[in-house]
$ cat model-v2.pdb   # PDB, C-alpha atoms, pLDDT in the B column
ATOM      1  CA  MET A   1       0.000   0.000   0.000  1.00 43.00           C
ATOM      2  CA  ALA A   2       1.327   3.455  -0.885  1.00 47.00           C
ATOM      3  CA  GLY A   3       2.645   5.410   2.076  1.00 52.00           C
ATOM      4  CA  THR A   4       2.982   2.345   4.313  1.00 55.00           C
ATOM      5  CA  LYS A   5       6.199   2.428   6.288  1.00 76.00           C
ATOM      6  CA  SER A   6       8.201  -0.625   7.261  1.00 87.00           C
ATOM      7  CA  PRO A   7       9.477  -1.029  10.862  1.00 87.00           C
ATOM      8  CA  GLU A   8      13.056  -0.295   9.788  1.00 93.00           C
ATOM      9  CA  ASP A   9      12.066   3.243   8.790  1.00 91.00           C
ATOM     10  CA  ALA A  10      11.530   4.065  12.476  1.00 94.00           C
ATOM     11  CA  TYR A  11      15.179   3.330  13.309  1.00 96.00           C
ATOM     12  CA  THR A  12      14.496   1.697  16.650  1.00 97.00           C
ATOM     13  CA  ALA A  13      14.755  -1.914  17.804  1.00 97.00           C
ATOM     14  CA  ALA A  14      12.446  -1.237  20.757  1.00 97.00           C
ATOM     15  CA  PRO A  15       9.347  -2.955  19.264  1.00 97.00           C
ATOM     16  CA  PHE A  16      11.386  -6.129  18.727  1.00 98.00           C
ATOM     17  CA  VAL A  17      12.736  -6.408  22.299  1.00 98.00           C
ATOM     18  CA  PRO A  18      10.457  -8.684  24.366  1.00 97.00           C
ATOM     19  CA  GLU A  19       9.712  -7.628  27.925  1.00 95.00           C
ATOM     20  CA  GLY A  20      10.809  -9.909  30.728  1.00 94.00           C
ATOM     21  CA  ALA A  21      12.951 -12.065  28.430  1.00 96.00           C
ATOM     22  CA  ASP A  22      16.105 -13.884  29.475  1.00 97.00           C
ATOM     23  CA  LEU A  23      19.245 -13.808  27.317  1.00 97.00           C
ATOM     24  CA  ALA A  24      18.199 -16.839  25.271  1.00 97.00           C
ATOM     25  CA  ALA A  25      14.838 -15.272  24.454  1.00 98.00           C
ATOM     26  CA  LEU A  26      16.504 -11.947  23.636  1.00 98.00           C
ATOM     27  CA  ARG A  27      18.910 -13.694  21.272  1.00 97.00           C
ATOM     28  CA  GLU A  28      16.030 -15.466  19.550  1.00 98.00           C
ATOM     29  CA  ALA A  29      14.056 -12.235  19.188  1.00 98.00           C
ATOM     30  CA  ALA A  30      17.077 -10.318  17.913  1.00 98.00           C
ATOM     31  CA  ALA A  31      17.356 -12.775  15.027  1.00 98.00           C
ATOM     32  CA  GLY A  32      14.207 -11.237  13.591  1.00 97.00           C
ATOM     33  CA  CYS A  33      15.025  -7.590  14.259  1.00 97.00           C
ATOM     34  CA  HIS A  34      14.160  -5.175  11.456  1.00 96.00           C
ATOM     35  CA  GLY A  35      14.692  -2.057  13.576  1.00 96.00           C
ATOM     36  CA  CYS A  36      16.913  -0.408  10.966  1.00 97.00           C
ATOM     37  CA  PRO A  37      17.872  -1.110   7.342  1.00 96.00           C
ATOM     38  CA  LEU A  38      21.169  -2.836   8.226  1.00 96.00           C
ATOM     39  CA  HIS A  39      19.476  -6.244   8.430  1.00 95.00           C
ATOM     40  CA  ARG A  40      18.786  -6.252   4.689  1.00 94.00           C
ATOM     41  CA  ASP A  41      22.220  -7.188   3.384  1.00 92.00           C
ATOM     42  CA  THR A  42      23.661  -9.239   6.228  1.00 95.00           C
ATOM     43  CA  THR A  43      23.745 -12.984   6.794  1.00 96.00           C
ATOM     44  CA  GLN A  44      22.292 -12.810  10.302  1.00 97.00           C
ATOM     45  CA  THR A  45      21.996 -10.887  13.547  1.00 98.00           C
ATOM     46  CA  VAL A  46      25.077 -11.311  15.743  1.00 98.00           C
ATOM     47  CA  PHE A  47      23.962 -11.205  19.370  1.00 98.00           C
ATOM     48  CA  GLY A  48      26.181 -11.192  22.456  1.00 98.00           C
ATOM     49  CA  ALA A  49      27.730 -14.337  23.917  1.00 98.00           C
ATOM     50  CA  GLY A  50      29.557 -15.480  27.001  1.00 97.00           C
ATOM     51  CA  ASP A  51      29.023 -15.843  30.741  1.00 97.00           C
ATOM     52  CA  PRO A  52      25.524 -14.628  31.725  1.00 97.00           C
ATOM     53  CA  ASP A  53      26.841 -14.024  35.259  1.00 97.00           C
ATOM     54  CA  ALA A  54      29.899 -12.096  34.091  1.00 97.00           C
ATOM     55  CA  ARG A  55      31.189  -9.273  36.260  1.00 97.00           C
ATOM     56  CA  VAL A  56      32.613  -7.615  33.166  1.00 98.00           C
ATOM     57  CA  VAL A  57      30.932  -7.004  29.811  1.00 98.00           C
ATOM     58  CA  LEU A  58      32.953  -6.047  26.749  1.00 98.00           C
ATOM     59  CA  VAL A  59      31.165  -3.927  24.156  1.00 98.00           C
ATOM     60  CA  GLY A  60      32.559  -3.600  20.643  1.00 98.00           C
ATOM     61  CA  GLU A  61      31.340  -1.682  17.626  1.00 97.00           C
ATOM     62  CA  GLN A  62      29.625  -4.154  15.291  1.00 97.00           C
ATOM     63  CA  PRO A  63      30.175  -7.631  13.841  1.00 96.00           C
ATOM     64  CA  GLY A  64      32.800  -8.045  11.151  1.00 94.00           C
ATOM     65  CA  ASP A  65      32.798 -10.305   8.116  1.00 93.00           C
ATOM     66  CA  GLN A  66      33.626 -13.507  10.003  1.00 94.00           C
ATOM     67  CA  GLU A  67      31.190 -12.684  12.798  1.00 96.00           C
ATOM     68  CA  ASP A  68      28.398 -12.120  10.281  1.00 96.00           C
ATOM     69  CA  ARG A  69      29.094 -15.482   8.648  1.00 96.00           C
ATOM     70  CA  GLN A  70      29.398 -17.438  11.920  1.00 97.00           C
ATOM     71  CA  GLY A  71      26.784 -15.599  13.977  1.00 97.00           C
ATOM     72  CA  LYS A  72      29.071 -15.054  16.973  1.00 97.00           C
ATOM     73  CA  PRO A  73      30.847 -11.894  18.208  1.00 97.00           C
ATOM     74  CA  PHE A  74      34.636 -11.490  18.060  1.00 97.00           C
ATOM     75  CA  VAL A  75      35.479 -14.757  16.287  1.00 96.00           C
ATOM     76  CA  GLY A  76      37.749 -13.060  13.736  1.00 92.00           C
ATOM     77  CA  PRO A  77      41.328 -11.739  14.057  1.00 94.00           C
ATOM     78  CA  ALA A  78      40.326  -8.914  16.443  1.00 95.00           C
ATOM     79  CA  GLY A  79      38.772 -11.477  18.776  1.00 96.00           C
ATOM     80  CA  LYS A  80      42.041 -13.387  19.003  1.00 97.00           C
ATOM     81  CA  VAL A  81      43.873 -10.156  19.896  1.00 98.00           C
ATOM     82  CA  LEU A  82      41.264  -9.376  22.546  1.00 98.00           C
ATOM     83  CA  ASP A  83      41.423 -12.818  24.171  1.00 98.00           C
ATOM     84  CA  ARG A  84      45.207 -12.594  24.419  1.00 98.00           C
ATOM     85  CA  ALA A  85      45.051  -9.063  25.857  1.00 98.00           C
ATOM     86  CA  LEU A  86      42.385 -10.006  28.414  1.00 98.00           C
ATOM     87  CA  ASP A  87      44.438 -12.963  29.602  1.00 98.00           C
ATOM     88  CA  GLU A  88      47.551 -10.809  29.890  1.00 98.00           C
ATOM     89  CA  ALA A  89      45.605  -8.157  31.813  1.00 98.00           C
ATOM     90  CA  GLY A  90      44.369 -10.729  34.347  1.00 98.00           C
ATOM     91  CA  ILE A  91      40.799 -11.165  33.090  1.00 98.00           C
ATOM     92  CA  ASP A  92      39.673 -14.684  32.186  1.00 98.00           C
ATOM     93  CA  PRO A  93      38.014 -14.448  28.738  1.00 97.00           C
ATOM     94  CA  ASP A  94      35.719 -17.337  29.724  1.00 97.00           C
ATOM     95  CA  GLU A  95      34.300 -15.229  32.571  1.00 97.00           C
ATOM     96  CA  THR A  96      33.267 -12.319  30.362  1.00 98.00           C
ATOM     97  CA  TYR A  97      30.246 -11.508  28.243  1.00 98.00           C
ATOM     98  CA  ILE A  98      30.968  -9.897  24.899  1.00 98.00           C
ATOM     99  CA  THR A  99      28.654  -8.057  22.573  1.00 98.00           C
ATOM    100  CA  ASN A 100      28.487  -5.198  20.097  1.00 98.00           C
ATOM    101  CA  ALA A 101      26.721  -1.854  20.139  1.00 97.00           C
ATOM    102  CA  VAL A 102      25.287  -2.696  16.700  1.00 98.00           C
ATOM    103  CA  LYS A 103      24.183  -6.253  15.970  1.00 98.00           C
ATOM    104  CA  HIS A 104      24.393  -6.282  12.161  1.00 97.00           C
ATOM    105  CA  PHE A 105      27.471  -6.030   9.938  1.00 97.00           C
ATOM    106  CA  LYS A 106      27.623  -2.739   8.017  1.00 95.00           C
ATOM    107  CA  PHE A 107      29.829  -2.934   4.967  1.00 94.00           C
ATOM    108  CA  THR A 108      30.506  -1.590   1.521  1.00 90.00           C
ATOM    109  CA  HIS A 109      32.087  -2.946  -1.644  1.00 84.00           C
ATOM    110  CA  VAL A 110      35.175  -1.280  -3.090  1.00 82.00           C
ATOM    111  CA  PRO A 111      35.476  -2.125  -6.819  1.00 83.00           C
ATOM    112  CA  GLU A 112      39.243  -2.579  -6.737  1.00 79.00           C
ATOM    113  CA  ARG A 113      38.907  -5.073  -3.877  1.00 76.00           C
ATOM    114  CA  GLY A 114      36.497  -7.366  -5.700  1.00 80.00           C
ATOM    115  CA  LYS A 115      33.715  -9.067  -3.762  1.00 82.00           C
ATOM    116  CA  ARG A 116      35.313  -8.508  -0.376  1.00 86.00           C
ATOM    117  CA  ARG A 117      32.992  -6.816   2.121  1.00 90.00           C
ATOM    118  CA  ILE A 118      34.718  -3.769   3.610  1.00 87.00           C
ATOM    119  CA  HIS A 119      33.746  -2.647   7.127  1.00 87.00           C
ATOM    120  CA  LYS A 120      31.885   0.657   7.297  1.00 92.00           C
ATOM    121  CA  PRO A 121      31.318   2.385  10.674  1.00 93.00           C
ATOM    122  CA  PRO A 122      27.693   2.602  11.794  1.00 95.00           C
ATOM    123  CA  SER A 123      26.047   6.012  11.971  1.00 95.00           C
ATOM    124  CA  LEU A 124      24.793   7.548  15.213  1.00 93.00           C
ATOM    125  CA  ARG A 125      21.257   6.847  13.982  1.00 96.00           C
ATOM    126  CA  GLU A 126      22.036   3.155  13.514  1.00 96.00           C
ATOM    127  CA  LEU A 127      23.779   3.113  16.895  1.00 95.00           C
ATOM    128  CA  SER A 128      20.718   4.609  18.554  1.00 95.00           C
ATOM    129  CA  ALA A 129      18.399   2.200  16.742  1.00 97.00           C
ATOM    130  CA  CYS A 130      20.243  -0.815  18.145  1.00 97.00           C
ATOM    131  CA  GLY A 131      20.526   0.659  21.651  1.00 96.00           C
ATOM    132  CA  PRO A 132      17.545  -1.233  23.124  1.00 97.00           C
ATOM    133  CA  TRP A 133      19.307  -4.580  22.573  1.00 98.00           C
ATOM    134  CA  LEU A 134      22.456  -3.457  24.394  1.00 97.00           C
ATOM    135  CA  GLU A 135      20.397  -1.957  27.182  1.00 96.00           C
ATOM    136  CA  ALA A 136      18.438  -5.202  27.585  1.00 97.00           C
ATOM    137  CA  GLU A 137      21.634  -7.276  27.702  1.00 97.00           C
ATOM    138  CA  LEU A 138      23.263  -5.083  30.330  1.00 96.00           C
ATOM    139  CA  GLU A 139      20.099  -4.928  32.409  1.00 95.00           C
ATOM    140  CA  LEU A 140      20.020  -8.730  32.636  1.00 96.00           C
ATOM    141  CA  ILE A 141      23.727  -9.265  33.300  1.00 96.00           C
ATOM    142  CA  GLU A 142      24.218  -6.339  35.711  1.00 95.00           C
ATOM    143  CA  PRO A 143      28.014  -6.207  35.313  1.00 96.00           C
ATOM    144  CA  GLU A 144      30.279  -4.318  37.678  1.00 96.00           C
ATOM    145  CA  VAL A 145      32.434  -3.119  34.795  1.00 97.00           C
ATOM    146  CA  VAL A 146      31.679  -2.422  31.154  1.00 98.00           C
ATOM    147  CA  VAL A 147      34.661  -2.134  28.814  1.00 98.00           C
ATOM    148  CA  ALA A 148      33.959   0.068  25.804  1.00 98.00           C
ATOM    149  CA  LEU A 149      36.068  -1.193  22.911  1.00 98.00           C
ATOM    150  CA  GLY A 150      36.575   1.771  20.622  1.00 97.00           C
ATOM    151  CA  ALA A 151      34.871   5.044  19.774  1.00 96.00           C
ATOM    152  CA  THR A 152      31.525   3.646  18.627  1.00 96.00           C
ATOM    153  CA  ALA A 153      31.034   1.576  21.781  1.00 97.00           C
ATOM    154  CA  GLY A 154      32.041   4.584  23.867  1.00 95.00           C
ATOM    155  CA  LYS A 155      29.425   6.736  22.151  1.00 94.00           C
ATOM    156  CA  ALA A 156      26.773   4.057  22.701  1.00 94.00           C
ATOM    157  CA  LEU A 157      27.533   3.964  26.424  1.00 95.00           C
ATOM    158  CA  LEU A 158      28.569   7.542  27.182  1.00 93.00           C
ATOM    159  CA  GLY A 159      27.039   9.744  24.490  1.00 91.00           C
ATOM    160  CA  SER A 160      28.123  11.323  21.222  1.00 89.00           C
ATOM    161  CA  SER A 161      30.717  13.602  22.862  1.00 92.00           C
ATOM    162  CA  PHE A 162      32.856  10.593  23.879  1.00 93.00           C
ATOM    163  CA  ARG A 163      36.438  10.641  22.564  1.00 95.00           C
ATOM    164  CA  VAL A 164      38.420   7.430  22.945  1.00 95.00           C
ATOM    165  CA  THR A 165      41.794   9.181  22.632  1.00 94.00           C
ATOM    166  CA  LYS A 166      41.018  11.420  25.614  1.00 96.00           C
ATOM    167  CA  GLN A 167      39.098   9.031  27.852  1.00 97.00           C
ATOM    168  CA  ARG A 168      40.674   5.619  27.336  1.00 97.00           C
ATOM    169  CA  GLY A 169      42.062   3.850  30.390  1.00 97.00           C
ATOM    170  CA  THR A 170      39.919   5.847  32.822  1.00 97.00           C
ATOM    171  CA  ARG A 171      37.106   4.811  35.127  1.00 97.00           C
ATOM    172  CA  LEU A 172      33.882   6.562  34.189  1.00 95.00           C
ATOM    173  CA  GLU A 173      30.537   6.443  35.942  1.00 90.00           C
ATOM    174  CA  GLY A 174      27.770   5.169  33.708  1.00 82.00           C
ATOM    175  CA  ASP A 175      24.702   7.384  33.428  1.00 78.00           C
ATOM    176  CA  PRO A 176      21.934   5.924  35.656  1.00 77.00           C
ATOM    177  CA  SER A 177      19.509   6.466  32.772  1.00 78.00           C
ATOM    178  CA  GLY A 178      21.920   5.106  30.152  1.00 80.00           C
ATOM    179  CA  PRO A 179      22.416   1.532  28.928  1.00 88.00           C
ATOM    180  CA  ALA A 180      25.181   0.763  31.454  1.00 87.00           C
ATOM    181  CA  ARG A 181      22.857   1.531  34.376  1.00 81.00           C
ATOM    182  CA  GLY A 182      25.486   2.999  36.708  1.00 77.00           C
ATOM    183  CA  ALA A 183      28.227   0.396  36.124  1.00 91.00           C
ATOM    184  CA  LEU A 184      31.815   1.582  35.914  1.00 96.00           C
ATOM    185  CA  ILE A 185      32.835   2.054  32.304  1.00 97.00           C
ATOM    186  CA  VAL A 186      36.456   1.631  31.208  1.00 98.00           C
ATOM    187  CA  PRO A 187      37.019   2.767  27.610  1.00 98.00           C
ATOM    188  CA  THR A 188      39.847   1.513  25.431  1.00 98.00           C
ATOM    189  CA  ILE A 189      40.646   1.065  21.757  1.00 98.00           C
ATOM    190  CA  HIS A 190      38.997  -1.573  19.621  1.00 97.00           C
ATOM    191  CA  PRO A 191      41.346  -4.571  19.252  1.00 98.00           C
ATOM    192  CA  SER A 192      41.159  -4.201  15.471  1.00 96.00           C
ATOM    193  CA  ALA A 193      43.231  -1.018  15.929  1.00 97.00           C
ATOM    194  CA  VAL A 194      46.140  -3.258  16.919  1.00 98.00           C
ATOM    195  CA  LEU A 195      45.880  -5.102  13.605  1.00 97.00           C
ATOM    196  CA  ARG A 196      45.886  -1.838  11.636  1.00 95.00           C
ATOM    197  CA  ALA A 197      48.753  -0.209  13.542  1.00 97.00           C
ATOM    198  CA  ASP A 198      52.273   0.278  12.200  1.00 97.00           C
ATOM    199  CA  ASP A 199      53.675  -0.390  15.675  1.00 97.00           C
ATOM    200  CA  ARG A 200      51.438  -3.261  16.684  1.00 97.00           C
ATOM    201  CA  GLU A 201      53.338  -4.115  19.855  1.00 98.00           C
ATOM    202  CA  ALA A 202      53.059  -0.613  21.311  1.00 98.00           C
ATOM    203  CA  VAL A 203      49.351  -0.355  20.484  1.00 98.00           C
ATOM    204  CA  TYR A 204      48.749  -3.830  21.900  1.00 98.00           C
ATOM    205  CA  GLU A 205      50.528  -2.912  25.150  1.00 98.00           C
ATOM    206  CA  GLY A 206      48.265   0.126  25.423  1.00 98.00           C
ATOM    207  CA  LEU A 207      45.208  -2.104  25.090  1.00 98.00           C
ATOM    208  CA  VAL A 208      46.513  -4.416  27.816  1.00 98.00           C
ATOM    209  CA  ALA A 209      47.233  -1.441  30.098  1.00 98.00           C
ATOM    210  CA  ASP A 210      43.653  -0.189  29.708  1.00 98.00           C
ATOM    211  CA  LEU A 211      42.228  -3.650  30.386  1.00 98.00           C
ATOM    212  CA  ARG A 212      44.316  -3.811  33.571  1.00 98.00           C
ATOM    213  CA  VAL A 213      42.333  -0.811  34.804  1.00 98.00           C
ATOM    214  CA  ALA A 214      39.179  -2.908  34.448  1.00 98.00           C
ATOM    215  CA  ALA A 215      40.919  -5.860  36.139  1.00 98.00           C
ATOM    216  CA  GLU A 216      41.821  -3.634  39.120  1.00 97.00           C
ATOM    217  CA  VAL A 217      38.172  -2.651  39.554  1.00 94.00           C
ATOM    218  CA  LEU A 218      37.211  -6.324  39.599  1.00 94.00           C
ATOM    219  CA  GLY A 219      39.861  -6.945  42.249  1.00 88.00           C
TER     220      GLY A 219
END
$ encode --input "model-v2.pdb" --output "structure tokens"
Amino acid sequence: MAGTKSPEDAYTAAPFVPEGADLAALREAAAGCHGCPLHRDTTQTVFGAGDPDARVVLVGEQPGDQEDRQGKPFVGPAGKVLDRALDEAGIDPDETYITNAVKHFKFTHVPERGKRRIHKPPSLRELSACGPWLEAELELIEPEVVVALGATAGKALLGSSFRVTKQRGTRLEGDPSGPARGALIVPTIHPSAVLRADDREAVYEGLVADLRVAAEVLG
């Protein structure tokens, strides 16, 4: 019918988030989310995974190519970097919950790179649209610490004025009305930054140092 709008035009996942759901039910519901147009071209929704009783939740930007294909967060090269850094910082990766601020892979095609899907950062509108899923996850898990991995995650948790270069490695109070519900937020770089860096070792050591701040909070 002419003039009929689809749910994705509203740019909010809120109608798709079931009330009173546990993590399994949230994951199942998220698989059918059409809260923004990103779902159109992806393989699947990539929901969070890990320990439902975790004291620390790690929030990244969005799924990458491998995550989109496998349906799990941080299973690509950046995930391997993160696991190693967590272990070195004194945080057991198996005792964390990991998710992304945006649950669908946003990408573009560059003609000179063939069929390869090239990561494209989500917009603030897409970030806001997916916010209800992150809020629901954090509300259920109630972590003591939330680690924001990169600028996009920081903006999702702390607002659009967040700057990772200025605020990384600090302990920030989460807004009581925000998705982190008053948990301590420790921002750092996204582990993919290590893979892109000229001096990988130095950038990696910086990531580990920031994660140690989170480890100190956990005690």
$ resolve_selection --input "model-v2.pdb" --expression "the PyMOL selection byres ((chain A and resi 123) around 12)" --output "PyMOL selection string"
chain A and resi 11+36-38+61-62+101-102+106-107+120-122+124-130+151-153+155-156+160
$ closest_residue --input "model-v2.pdb" --among "A:His34, A:Arg171, A:Arg84, A:Lys115" --to "A:Lys103" --atoms "only C-alpha atoms"
A:His34
$ atom_distance --input "model-v2.pdb" --atom1 "atom CA of A:Val56" --atom2 "atom CA of A:Glu144"
6.1 Å
$ resolve_selection --input "model-v2.pdb" --expression "the PyMOL selection byres ((chain A and resi 66) around 12)" --output "mmCIF file with C-alpha atoms, in the frame of the given file"
data_model
loop_
_atom_site.group_PDB
_atom_site.id
_atom_site.type_symbol
_atom_site.label_atom_id
_atom_site.label_comp_id
_atom_site.auth_asym_id
_atom_site.auth_seq_id
_atom_site.Cartn_x
_atom_site.Cartn_y
_atom_site.Cartn_z
ATOM 1 C CA THR A 42 23.661 -9.239 6.228
ATOM 2 C CA THR A 43 23.745 -12.984 6.794
ATOM 3 C CA GLN A 44 22.292 -12.810 10.302
ATOM 4 C CA VAL A 46 25.077 -11.311 15.743
ATOM 5 C CA GLN A 62 29.625 -4.154 15.291
ATOM 6 C CA PRO A 63 30.175 -7.631 13.841
ATOM 7 C CA GLY A 64 32.800 -8.045 11.151
ATOM 8 C CA ASP A 65 32.798 -10.305 8.116
ATOM 9 C CA GLU A 67 31.190 -12.684 12.798
ATOM 10 C CA ASP A 68 28.398 -12.120 10.281
ATOM 11 C CA ARG A 69 29.094 -15.482 8.648
ATOM 12 C CA GLN A 70 29.398 -17.438 11.920
ATOM 13 C CA GLY A 71 26.784 -15.599 13.977
ATOM 14 C CA LYS A 72 29.071 -15.054 16.973
ATOM 15 C CA PRO A 73 30.847 -11.894 18.208
ATOM 16 C CA PHE A 74 34.636 -11.490 18.060
ATOM 17 C CA VAL A 75 35.479 -14.757 16.287
ATOM 18 C CA GLY A 76 37.749 -13.060 13.736
ATOM 19 C CA PRO A 77 41.328 -11.739 14.057
ATOM 20 C CA ALA A 78 40.326 -8.914 16.443
ATOM 21 C CA GLY A 79 38.772 -11.477 18.776
ATOM 22 C CA HIS A 104 24.393 -6.282 12.161
ATOM 23 C CA PHE A 105 27.471 -6.030 9.938
ATOM 24 C CA ARG A 116 35.313 -8.508 -0.376
ATOM 25 C CA ARG A 117 32.992 -6.816 2.121
ATOM 26 C CA ILE A 118 34.718 -3.769 3.610
ATOM 27 C CA HIS A 119 33.746 -2.647 7.127
#
$ atom_distance --input "model-v2.pdb" --atom1 "atom CA of A:His190" --atom2 "atom CA of A:Pro93"
15.8 Å
$ atom_distance --input "model-v2.pdb" --atom1 "atom CA of A:Asp22" --atom2 "atom CA of A:Val217"
26.7 Å
$ axis_aligned_box --input "model-v2.pdb" --around "stretch 65-74 of chain A" --padding-each-side "4 Å" --output "lines of an AutoDock Vina configuration file"
center_x = 30.7
center_y = -13.9
center_z = 13.2
size_x = 15.9
size_y = 15.1
size_z = 18.1
$ residues_around --input "model-v2.pdb" --residues "A:Val208" --least-positions-apart "3" --cutoff "8 Å" --atoms "all atoms listed in the file" --output "compact mmCIF listing (two decimals) with C-alpha atoms, in the coordinates of the input"
# COMPACT_ATOMS: atom_id res chain seq x y z
CA ALA A 85 45.05 -9.06 25.86
CA LEU A 86 42.38 -10.01 28.41
CA GLU A 88 47.55 -10.81 29.89
CA ALA A 89 45.60 -8.16 31.81
CA TYR A 204 48.75 -3.83 21.90
CA GLU A 205 50.53 -2.91 25.15
CA LEU A 211 42.23 -3.65 30.39
CA ARG A 212 44.32 -3.81 33.57
$ resolve_selection --input "model-v2.pdb" --expression "the PyMOL selection byres ((chain A and resi 55) around 8)" --output "ChimeraX atom specification"
/A:53-54,56-57,95-96,142-145,218
$ closest_residue --input "model-v2.pdb" --among "A:Leu134, A:Ile98, A:Leu140, A:Leu58" --to "A:Leu23" --atoms "only C-alpha atoms"
A:Leu140
$ closest_residue --input "model-v2.pdb" --among "A:His39, A:Lys80, A:Arg168, A:Arg27" --to "A:Thr99" --atoms "all atoms listed in the file"
A:Arg27
$ residues_around --input "model-v2.pdb" --residues "A:Pro132" --least-positions-apart "6" --cutoff "8 Å" --atoms "all atoms listed in the file" --output "mmCIF file with C-alpha atoms, in the frame of the given file"
data_model
loop_
_atom_site.group_PDB
_atom_site.id
_atom_site.type_symbol
_atom_site.label_atom_id
_atom_site.label_comp_id
_atom_site.auth_asym_id
_atom_site.auth_seq_id
_atom_site.Cartn_x
_atom_site.Cartn_y
_atom_site.Cartn_z
ATOM 1 C CA THR A 12 14.496 1.697 16.650
ATOM 2 C CA ALA A 13 14.755 -1.914 17.804
ATOM 3 C CA ALA A 14 12.446 -1.237 20.757
ATOM 4 C CA VAL A 17 12.736 -6.408 22.299
#
$ residues_around --input "model-v2.pdb" --residues "A:Ala29" --least-positions-apart "6" --cutoff "10 Å" --atoms "all atoms listed in the file" --output "PDB file with C-alpha atoms, in the frame of the given file"
ATOM      1  CA  PHE A  16      11.386  -6.129  18.727  1.00 98.00           C
ATOM      2  CA  VAL A  17      12.736  -6.408  22.299  1.00 98.00           C
ATOM      3  CA  PRO A  18      10.457  -8.684  24.366  1.00 97.00           C
ATOM      4  CA  ALA A  21      12.951 -12.065  28.430  1.00 96.00           C
ATOM      5  CA  LEU A  23      19.245 -13.808  27.317  1.00 97.00           C
ATOM      6  CA  THR A  45      21.996 -10.887  13.547  1.00 98.00           C
ATOM      7  CA  PHE A  47      23.962 -11.205  19.370  1.00 98.00           C
ATOM      8  CA  TRP A 133      19.307  -4.580  22.573  1.00 98.00           C
TER       9      TRP A 133
END
$ closest_residue --input "model-v2.pdb" --among "A:Glu135, A:Asp51, A:Thr188, A:Ala214" --to "A:Pro176" --atoms "only C-alpha atoms"
A:Glu135
$ closest_residue --input "model-v2.pdb" --among "A:Val203, A:Asp87, A:Val146, A:Ala24" --to "A:Arg181" --atoms "only C-alpha atoms"
A:Val146
